[in-house]
Each structure stands twice: as structure tokens, then as C-alpha cells.
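Participant: Enclosed is the structure file structure_2.pdb (PDB, C-alpha atoms, pLDDT in the B column).
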```pdb
ATOM      1  CA  VAL X 154       0.398   9.866  27.587  1.00 50.00           C
ATOM      2  CA  GLN X 155       4.141  10.046  26.919  1.00 58.00           C
ATOM      3  CA  HIS X 156       4.796  11.312  23.425  1.00 74.00           C
ATOM      4  CA  GLN X 157       7.548   9.888  21.251  1.00 86.00           C
ATOM      5  CA  PRO X 158      10.541  12.239  20.842  1.00 95.00           C
ATOM      6  CA  ALA X 159      10.158  13.946  17.478  1.00 96.00           C
ATOM      7  CA  MET X 160      12.570  15.841  15.263  1.00 97.00           C
ATOM      8  CA  ARG X 161      11.592  19.443  14.547  1.00 97.00           C
ATOM      9  CA  TRP X 162      10.377  19.611  10.974  1.00 97.00           C
ATOM     10  CA  GLN X 163      12.833  22.443  10.342  1.00 96.00           C
ATOM     11  CA  ASP X 164      15.746  20.099  11.178  1.00 96.00           C
ATOM     12  CA  ILE X 165      14.762  17.255   8.863  1.00 96.00           C
ATOM     13  CA  PRO X 166      16.340  18.465   5.579  1.00 93.00           C
ATOM     14  CA  ALA X 167      19.794  18.861   7.165  1.00 92.00           C
ATOM     15  CA  PHE X 168      19.465  15.491   8.936  1.00 94.00           C
ATOM     16  CA  ALA X 169      18.352  13.803   5.731  1.00 92.00           C
ATOM     17  CA  ARG X 170      21.184  15.272   3.693  1.00 90.00           C
ATOM     18  CA  GLN X 171      23.738  14.164   6.271  1.00 90.00           C
ATOM     19  CA  TYR X 172      22.480  10.660   7.003  1.00 91.00           C
ATOM     20  CA  LEU X 173      19.949   9.547   4.381  1.00 89.00           C
ATOM     21  CA  ASP X 174      21.494  10.750   1.116  1.00 75.00           C
ATOM     22  CA  CYS X 175      18.271  12.314  -0.059  1.00 61.00           C
ATOM     23  CA  ARG X 176      19.685  12.975  -3.493  1.00 59.00           C
ATOM     24  CA  LEU X 177      19.009   9.263  -3.935  1.00 55.00           C
ATOM     25  CA  ASN X 178      22.078   8.852  -6.117  1.00 51.00           C
ATOM     26  CA  LYS X 179      23.819   6.016  -4.310  1.00 57.00           C
ATOM     27  CA  ASP X 180      22.892   2.782  -2.592  1.00 63.00           C
ATOM     28  CA  LEU X 181      21.299   3.158   0.820  1.00 75.00           C
ATOM     29  CA  SER X 182      21.398   0.564   3.573  1.00 87.00           C
ATOM     30  CA  SER X 183      18.087  -1.172   4.205  1.00 90.00           C
ATOM     31  CA  THR X 184      17.659   0.600   7.535  1.00 93.00           C
ATOM     32  CA  ARG X 185      18.288   4.043   6.104  1.00 93.00           C
ATOM     33  CA  SER X 186      16.079   3.299   3.077  1.00 92.00           C
ATOM     34  CA  LEU X 187      13.292   2.228   5.409  1.00 95.00           C
ATOM     35  CA  LEU X 188      13.669   5.321   7.596  1.00 96.00           C
ATOM     36  CA  LEU X 189      13.596   7.628   4.577  1.00 95.00           C
ATOM     37  CA  PHE X 190      10.482   5.844   3.303  1.00 96.00           C
ATOM     38  CA  VAL X 191       8.829   6.231   6.720  1.00 97.00           C
ATOM     39  CA  ILE X 192       9.596   9.950   6.721  1.00 97.00           C
ATOM     40  CA  LEU X 193       8.462  10.549   3.125  1.00 97.00           C
ATOM     41  CA  THR X 194       5.163   8.682   3.583  1.00 97.00           C
ATOM     42  CA  ALA X 195       4.471   9.696   7.220  1.00 96.00           C
ATOM     43  CA  ALA X 196       3.660   6.025   7.781  1.00 95.00           C
ATOM     44  CA  ARG X 197       3.844   4.058  11.002  1.00 93.00           C
ATOM     45  CA  SER X 198       7.069   2.087  11.185  1.00 93.00           C
ATOM     46  CA  GLY X 199       5.273  -1.257  11.439  1.00 92.00           C
ATOM     47  CA  GLU X 200       3.288  -0.554   8.278  1.00 93.00           C
ATOM     48  CA  ALA X 201       6.482   0.257   6.380  1.00 95.00           C
ATOM     49  CA  ARG X 202       8.617  -2.576   7.781  1.00 95.00           C
ATOM     50  CA  ALA X 203       6.109  -5.116   6.486  1.00 94.00           C
ATOM     51  CA  ALA X 204       5.542  -3.374   3.137  1.00 95.00           C
ATOM     52  CA  LYS X 205       5.521  -5.747   0.159  1.00 94.00           C
ATOM     53  CA  TRP X 206       6.135  -5.073  -3.508  1.00 94.00           C
ATOM     54  CA  GLU X 207       2.682  -6.415  -4.351  1.00 93.00           C
ATOM     55  CA  GLU X 208       1.178  -3.483  -2.416  1.00 94.00           C
ATOM     56  CA  VAL X 209       2.937  -0.892  -4.569  1.00 95.00           C
ATOM     57  CA  ASP X 210       1.916   0.452  -7.968  1.00 94.00           C
ATOM     58  CA  LEU X 211       4.772   2.668  -9.091  1.00 94.00           C
ATOM     59  CA  ASP X 212       3.006   3.682 -12.303  1.00 94.00           C
ATOM     60  CA  ALA X 213      -0.032   4.920 -10.374  1.00 96.00           C
ATOM     61  CA  GLY X 214       2.146   6.219  -7.546  1.00 96.00           C
ATOM     62  CA  VAL X 215       0.212   4.440  -4.802  1.00 97.00           C
ATOM     63  CA  TRP X 216       1.107   2.155  -1.909  1.00 96.00           C
ATOM     64  CA  ILE X 217      -1.926   0.300  -0.542  1.00 95.00           C
ATOM     65  CA  VAL X 218      -1.525  -0.833   3.056  1.00 94.00           C
ATOM     66  CA  PRO X 219      -3.967  -3.686   3.792  1.00 93.00           C
ATOM     67  CA  ALA X 220      -6.474  -3.308   6.608  1.00 89.00           C
ATOM     68  CA  ASN X 221      -4.903  -6.021   8.757  1.00 91.00           C
ATOM     69  CA  ARG X 222      -1.726  -3.934   9.107  1.00 89.00           C
ATOM     70  CA  MET X 223      -3.477  -0.673   9.888  1.00 86.00           C
ATOM     71  CA  LYS X 224      -4.168   0.556  13.405  1.00 82.00           C
ATOM     72  CA  THR X 225      -7.665   1.571  12.255  1.00 78.00           C
ATOM     73  CA  ARG X 226      -8.213  -1.814  10.551  1.00 78.00           C
ATOM     74  CA  VAL X 227      -9.135   0.078   7.373  1.00 83.00           C
ATOM     75  CA  GLU X 228      -7.190  -0.177   4.104  1.00 90.00           C
ATOM     76  CA  HIS X 229      -5.053   2.911   3.560  1.00 91.00           C
ATOM     77  CA  ARG X 230      -3.912   4.279   0.202  1.00 94.00           C
ATOM     78  CA  VAL X 231      -0.670   6.223   0.422  1.00 96.00           C
ATOM     79  CA  PRO X 232       0.127   8.589  -2.474  1.00 96.00           C
ATOM     80  CA  LEU X 233       3.797   8.204  -3.337  1.00 97.00           C
ATOM     81  CA  SER X 234       5.750  11.384  -3.980  1.00 96.00           C
ATOM     82  CA  SER X 235       8.359  11.566  -6.715  1.00 94.00           C
ATOM     83  CA  ALA X 236      11.067  11.123  -4.080  1.00 93.00           C
ATOM     84  CA  ALA X 237       9.337   8.072  -2.591  1.00 94.00           C
ATOM     85  CA  LYS X 238       9.009   6.485  -6.036  1.00 93.00           C
ATOM     86  CA  SER X 239      12.667   7.195  -6.793  1.00 90.00           C
ATOM     87  CA  LEU X 240      13.646   5.547  -3.537  1.00 91.00           C
ATOM     88  CA  LEU X 241      11.574   2.448  -4.284  1.00 92.00           C
ATOM     89  CA  LYS X 242      12.992   2.195  -7.799  1.00 89.00           C
ATOM     90  CA  GLN X 243      16.458   2.282  -6.274  1.00 86.00           C
ATOM     91  CA  VAL X 244      15.567  -0.443  -3.780  1.00 86.00           C
ATOM     92  CA  LYS X 245      13.806  -2.530  -6.441  1.00 75.00           C
ATOM     93  CA  GLY X 246      15.858  -5.419  -7.649  1.00 64.00           C
ATOM     94  CA  ARG X 247      16.422  -6.811  -4.205  1.00 57.00           C
ATOM     95  CA  LYS X 248      14.510  -9.965  -3.276  1.00 57.00           C
ATOM     96  CA  ALA X 249      10.811 -10.119  -4.092  1.00 64.00           C
ATOM     97  CA  GLY X 250       8.277  -9.989  -1.280  1.00 89.00           C
ATOM     98  CA  LEU X 251       9.282  -7.556   1.421  1.00 93.00           C
ATOM     99  CA  ILE X 252      10.576  -4.217   0.184  1.00 94.00           C
ATOM    100  CA  PHE X 253      12.958  -3.558   3.057  1.00 92.00           C
ATOM    101  CA  VAL X 254      14.884  -6.611   4.215  1.00 90.00           C
ATOM    102  CA  ASN X 255      17.716  -7.514   6.542  1.00 90.00           C
ATOM    103  CA  ARG X 256      20.837  -9.374   5.436  1.00 87.00           C
ATOM    104  CA  SER X 257      19.085 -12.720   5.554  1.00 87.00           C
ATOM    105  CA  GLY X 258      16.150 -11.474   3.493  1.00 86.00           C
ATOM    106  CA  GLY X 259      13.707 -11.202   6.392  1.00 90.00           C
ATOM    107  CA  MET X 260      11.867  -8.282   7.907  1.00 93.00           C
ATOM    108  CA  LEU X 261      13.988  -5.624   9.545  1.00 94.00           C
ATOM    109  CA  SER X 262      13.873  -5.626  13.333  1.00 92.00           C
ATOM    110  CA  VAL X 263      11.566  -3.218  15.113  1.00 89.00           C
ATOM    111  CA  ASN X 264      14.719  -1.861  16.749  1.00 94.00           C
ATOM    112  CA  ALA X 265      16.701  -1.272  13.539  1.00 95.00           C
ATOM    113  CA  MET X 266      15.646   2.344  13.055  1.00 96.00           C
ATOM    114  CA  THR X 267      15.707   2.996  16.801  1.00 96.00           C
ATOM    115  CA  LYS X 268      19.349   1.913  16.982  1.00 96.00           C
ATOM    116  CA  PHE X 269      20.279   3.952  13.921  1.00 96.00           C
ATOM    117  CA  LEU X 270      18.660   7.129  15.291  1.00 97.00           C
ATOM    118  CA  HIS X 271      20.335   6.537  18.648  1.00 97.00           C
ATOM    119  CA  ASP X 272      23.739   5.947  17.051  1.00 96.00           C
ATOM    120  CA  VAL X 273      23.618   9.219  15.100  1.00 96.00           C
ATOM    121  CA  ALA X 274      22.103  11.133  18.050  1.00 97.00           C
ATOM    122  CA  ALA X 275      19.186  12.307  15.933  1.00 97.00           C
ATOM    123  CA  PRO X 276      18.002  15.628  17.424  1.00 96.00           C
ATOM    124  CA  SER X 277      14.556  15.734  18.991  1.00 97.00           C
ATOM    125  CA  ASP X 278      12.228  17.974  20.963  1.00 94.00           C
ATOM    126  CA  VAL X 279      12.952  15.984  24.142  1.00 93.00           C
ATOM    127  CA  SER X 280      16.205  16.874  25.859  1.00 92.00           C
ATOM    128  CA  GLY X 281      18.623  13.959  26.152  1.00 92.00           C
ATOM    129  CA  ARG X 282      16.603  11.601  23.931  1.00 95.00           C
ATOM    130  CA  PRO X 283      17.067  10.947  20.198  1.00 97.00           C
ATOM    131  CA  ALA X 284      14.203  11.290  17.757  1.00 97.00           C
ATOM    132  CA  THR X 285      12.164   8.147  17.112  1.00 97.00           C
ATOM    133  CA  ALA X 286      10.862   6.815  13.805  1.00 96.00           C
ATOM    134  CA  HIS X 287       7.281   7.263  15.002  1.00 94.00           C
ATOM    135  CA  GLY X 288       8.082  10.844  15.948  1.00 96.00           C
ATOM    136  CA  PHE X 289       8.437  11.804  12.286  1.00 97.00           C
ATOM    137  CA  ARG X 290       4.666  11.531  12.000  1.00 95.00           C
ATOM    138  CA  SER X 291       4.472  14.334  14.545  1.00 96.00           C
ATOM    139  CA  SER X 292       7.066  16.262  12.534  1.00 97.00           C
ATOM    140  CA  PHE X 293       4.867  15.915   9.458  1.00 97.00           C
ATOM    141  CA  ARG X 294       1.776  17.023  11.370  1.00 96.00           C
ATOM    142  CA  ASP X 295       3.509  20.128  12.694  1.00 96.00           C
ATOM    143  CA  TRP X 296       4.825  20.954   9.226  1.00 97.00           C
ATOM    144  CA  ALA X 297       1.347  20.547   7.758  1.00 96.00           C
ATOM    145  CA  SER X 298      -0.204  22.834  10.370  1.00 95.00           C
ATOM    146  CA  GLU X 299       2.421  25.510   9.876  1.00 96.00           C
ATOM    147  CA  HIS X 300       2.043  25.391   6.086  1.00 95.00           C
ATOM    148  CA  GLY X 301      -1.721  25.770   6.000  1.00 94.00           C
ATOM    149  CA  VAL X 302      -2.601  22.206   5.012  1.00 95.00           C
ATOM    150  CA  ALA X 303      -6.265  21.524   5.715  1.00 92.00           C
ATOM    151  CA  ARG X 304      -6.782  19.504   8.885  1.00 90.00           C
ATOM    152  CA  ASP X 305      -8.752  16.804   7.071  1.00 89.00           C
ATOM    153  CA  LEU X 306      -5.945  16.263   4.559  1.00 91.00           C
ATOM    154  CA  ALA X 307      -3.283  16.136   7.260  1.00 93.00           C
ATOM    155  CA  GLU X 308      -5.253  13.692   9.411  1.00 91.00           C
ATOM    156  CA  ARG X 309      -6.061  11.416   6.479  1.00 92.00           C
ATOM    157  CA  SER X 310      -2.407  11.470   5.423  1.00 94.00           C
ATOM    158  CA  LEU X 311      -1.640  10.041   8.863  1.00 93.00           C
ATOM    159  CA  ALA X 312      -4.501   7.520   8.542  1.00 85.00           C
ATOM    160  CA  HIS X 313      -6.116   8.769  11.728  1.00 75.00           C
ATOM    161  CA  ALA X 314      -9.657   7.596  12.374  1.00 64.00           C
ATOM    162  CA  ILE X 315     -12.440  10.184  12.311  1.00 58.00           C
ATOM    163  CA  PRO X 316     -13.540  10.361  15.974  1.00 56.00           C
ATOM    164  CA  ASN X 317     -17.056  11.566  15.213  1.00 51.00           C
ATOM    165  CA  GLN X 318     -19.039   8.489  14.122  1.00 54.00           C
ATOM    166  CA  THR X 319     -21.646  10.526  12.257  1.00 43.00           C
ATOM    167  CA  GLU X 320     -19.011  12.402  10.295  1.00 45.00           C
ATOM    168  CA  ALA X 321     -17.175   9.152   9.564  1.00 46.00           C
ATOM    169  CA  ALA X 322     -20.360   7.552   8.233  1.00 41.00           C
ATOM    170  CA  TYR X 323     -20.829  10.283   5.631  1.00 39.00           C
ATOM    171  CA  HIS X 324     -17.222  11.119   4.787  1.00 52.00           C
ATOM    172  CA  ARG X 325     -16.086   8.070   2.839  1.00 58.00           C
ATOM    173  CA  THR X 326     -13.591   9.511   0.339  1.00 68.00           C
ATOM    174  CA  ASP X 327      -9.924   9.222   1.227  1.00 76.00           C
ATOM    175  CA  LEU X 328      -8.981  12.384  -0.728  1.00 89.00           C
ATOM    176  CA  LEU X 329      -6.138  10.562  -2.459  1.00 92.00           C
ATOM    177  CA  GLU X 330      -5.355  13.136  -5.140  1.00 92.00           C
ATOM    178  CA  GLN X 331      -5.553  16.071  -2.739  1.00 93.00           C
ATOM    179  CA  ARG X 332      -3.221  14.220  -0.380  1.00 94.00           C
ATOM    180  CA  ARG X 333      -0.840  13.549  -3.262  1.00 95.00           C
ATOM    181  CA  ALA X 334      -0.106  17.276  -3.532  1.00 95.00           C
ATOM    182  CA  VAL X 335       0.497  17.466   0.215  1.00 96.00           C
ATOM    183  CA  MET X 336       2.918  14.528   0.211  1.00 96.00           C
ATOM    184  CA  GLU X 337       4.782  15.932  -2.788  1.00 95.00           C
ATOM    185  CA  ALA X 338       5.268  19.202  -0.920  1.00 95.00           C
ATOM    186  CA  TRP X 339       6.367  17.371   2.223  1.00 96.00           C
ATOM    187  CA  ALA X 340       8.888  15.334   0.228  1.00 95.00           C
ATOM    188  CA  SER X 341      10.213  18.524  -1.346  1.00 93.00           C
ATOM    189  CA  HIS X 342      10.843  19.860   2.140  1.00 95.00           C
ATOM    190  CA  VAL X 343      12.451  16.634   3.366  1.00 94.00           C
ATOM    191  CA  ILE X 344      14.915  16.348   0.493  1.00 89.00           C
ATOM    192  CA  GLY X 345      15.602  20.076   0.369  1.00 82.00           C
ATOM    193  CA  ILE X 346      13.985  21.142  -2.904  1.00 67.00           C
ATOM    194  CA  SER X 347      13.408  24.892  -3.180  1.00 46.00           C
ATOM    195  CA  GLU X 348      10.382  26.305  -1.410  1.00 44.00           C
ATOM    196  CA  GLY X 349       8.898  27.374  -4.735  1.00 42.00           C
ATOM    197  CA  GLY X 350       7.829  23.779  -5.344  1.00 41.00           C
ATOM    198  CA  ASN X 351       6.230  23.623  -1.899  1.00 40.00           C
ATOM    199  CA  VAL X 352       4.135  26.714  -2.466  1.00 35.00           C
ATOM    200  CA  VAL X 353       2.692  25.446  -5.736  1.00 33.00           C
ATOM    201  CA  ALA X 354       1.781  22.041  -4.271  1.00 37.00           C
ATOM    202  CA  LEU X 355       0.251  23.537  -1.161  1.00 38.00           C
ATOM    203  CA  ASP X 356      -1.860  25.949  -3.182  1.00 37.00           C
ATOM    204  CA  VAL X 357      -3.398  22.892  -4.850  1.00 34.00           C
ATOM    205  CA  ALA X 358      -3.907  21.191  -1.503  1.00 36.00           C
ATOM    206  CA  ARG X 359      -5.838  24.149  -0.112  1.00 34.00           C
ATOM    207  CA  ARG X 360      -8.479  24.213  -2.843  1.00 28.00           C
TER     208      ARG X 360
END
```
Could you quickly redo this structure as C-alpha cells?

Facilitator:
Amino acid sequence: VQHQPAMRWQDIPAFARQYLDCRLNKDLSSTRSLLLFVILTAARSGEARAAKWEEVDLDAGVWIVPANRMKTRVEHRVPLSSAAKSLLKQVKGRKAGLIFVNRSGGMLSVNAMTKFLHDVAAPSDVSGRPATAHGFRSSFRDWASEHGVARDLAERSLAHAIPNQTEAAYHRTDLLEQRRAVMEAWASHVIGISEGGNVVALDVARR
């Protein structure tokens, strides 16, 4: 198995400030908006590229990815952090249907984020290769491990299938509210909010 080059989680805040305007106070290009959304939600790029407004409930702070777009073929509820909601509110007002669109209103190319990351030489853990969009899921997983996030919460945030069939049969909750605290803490790290906010959120996630 050849792993996708991933950015070290410690490097993400500086990268985001330089290239993604994580203060969310000015218009972002569709590609950069999409990449920031991918990072904030730890979603697979294909799930995010095809995201539609009808899947999002900003009031409830939830993005529901339908089963037919999930690798596990199971519907996945993604808790939206404050930063993710702010980003979507900023994007809102563009054409209905797809959230992130190209200039002609269609879905962004699978290579759009790849080209962007290559053009800015996004640092990664693989010498000579830029970070990939998919690699940010690995960044999130490493961050979660190093910040004491329970394995079950981290794995469910990534929508990984439970390998043990017996465990999967009995464990049917998706832990949405517990994951919400985790994603809020992750977003605080990504956009550079003080660590005090991270500690509070993670204390909730550990209970």
C-alpha cells in the first residue's frame, strides 16, 4: 500500500493562514473553499466535491452524505464546526445544487485540489511530493491520536467501517454529538484559535 503524502498536523495552521484565508473574511476561490471544507470536515475529496446544499442543515450544523457517495455505502452525518458553517455561509449565494462549483457551474475536477497543492508546494511527510487532499484525513487522524481523542470517535469521524462484524452489529450509534466536540477542536487548530478552546472541547470528547 502506498500512502498519500500528508501534511503534518502541526503545519496546517500556518499553511491555512497563508493559502486558505482561514479568518474567512474575504471571498475564497472555489478550489480553496473546497480544500478548506475537506480539511475542516476530514471528508474524502469525492464526498465533498459532490456535496449539495440539500444535504446541509446549517441550523442543526450537520452535513448528511448519502450512502451512494460513501465508500462504506452507509449514510454519514458530519457535524459542522463553527468554522465550517462560516465557510458555507460565505459560499452560499452561489448557484443552487452543488456547493462547490467551477466557472461553468459544474462539479470541480478531481484534479483541482491536486493542482493547487502542487502549485503552492504544500509540505508533506514524503520528500519531494506535495501533500494531497486525501492526506489531510491522515493529518486529522494523527492530530486526534496525539490529543487523546478516543479511537472510536476518531474512526467514526473518518467514516471508517468497523472491521469486527459482531461489534458493528451492536454498535449502531454514530456518536454525532461527541464527534461535534472533536471537529470543533480540530477546526480550532486548523484556523489557529488558541489552544484553550481545544482543551475544553477535547475534555468533552473524552467523557

Participant: May I ask which of the residues X:Ser234, X:Thr267, X:Thr225, X:Ser262 is the closest one to X:Arg282, counting only C-alpha atoms?

Facilitator: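 For X:Arg282, the nearest of the given residues is X:Thr267.
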
Participant: To one decimal in Å, tell me the separation between atom CA of X:Met336 and atom CA of X:Met260.

Facilitator: 25.7 Å

Participant: With 5 Å added on each side, what axis-aligned box encloses every listed atom of stretch 200-216 of chain X? Give the centre and edge lengths in Å to one decimal, as lines of an AutoDock Vina configuration file.

Facilitator:
```
center_x = 4.3
center_y = -0.1
center_z = -2.0
size_x = 18.6
size_y = 22.6
size_z = 30.6
```

Participant: Using the chain letters and numbers from this file, what does the PyMOL selection byres ((chain X and resi 304) around 12) select? Give the answer as a list in words.

Facilitator: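 Applied to this file, the PyMOL selection byres ((chain X and resi 304) around 12) returns Arg294, Asp295, Trp296, Ala297, Ser298, Glu299, His300, Gly301, Val302, Ala303, Asp305, Leu306, Ala307, Glu308, Arg309, Ser310, Leu311, His313, Ile315, Arg332, Val335, Ala358 and Arg359 of chain X.
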
Participant: Might you pull out every residue within 10 Å of X:Leu233, with only C-alpha atoms counted and same-chain residues fewer than 6 positions away left off, and present them as a list of chain:residue names?

Facilitator: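 Listed by chain and then number, they are X:Phe190, X:Leu193, X:Thr194, X:Val209, X:Asp210, X:Leu211, X:Ala213, X:Gly214, X:Val215, X:Trp216, X:Ser239, X:Leu241, X:Arg332, X:Arg333, X:Ala334, X:Met336, X:Glu337, X:Ala340.
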
Participant: Enter the distance from atom CA of X:Ala236 to atom CA of X:Ser341, in Å, rounded to one decimal.

Facilitator: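 About the pair atom CA of X:Ala236 and atom CA of X:Ser341: they are 7.9 Å apart.
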
Participant: Can you tell me which residues surround stretch 187-189 of chain X at a distance of at most 8 Å, considering all atoms listed in the file, apart from same-chain residues fewer than 6 positions away, and format the answer as a PDB file with C-alpha atoms, in the coordinates of the input?

Facilitator:
```
ATOM      1  CA  ALA X 169      18.352  13.803   5.731  1.00 92.00           C
ATOM      2  CA  LEU X 173      19.949   9.547   4.381  1.00 89.00           C
ATOM      3  CA  ALA X 201       6.482   0.257   6.380  1.00 95.00           C
ATOM      4  CA  ARG X 202       8.617  -2.576   7.781  1.00 95.00           C
ATOM      5  CA  PHE X 253      12.958  -3.558   3.057  1.00 92.00           C
ATOM      6  CA  MET X 266      15.646   2.344  13.055  1.00 96.00           C
ATOM      7  CA  ALA X 286      10.862   6.815  13.805  1.00 96.00           C
TER       8      ALA X 286
END
```
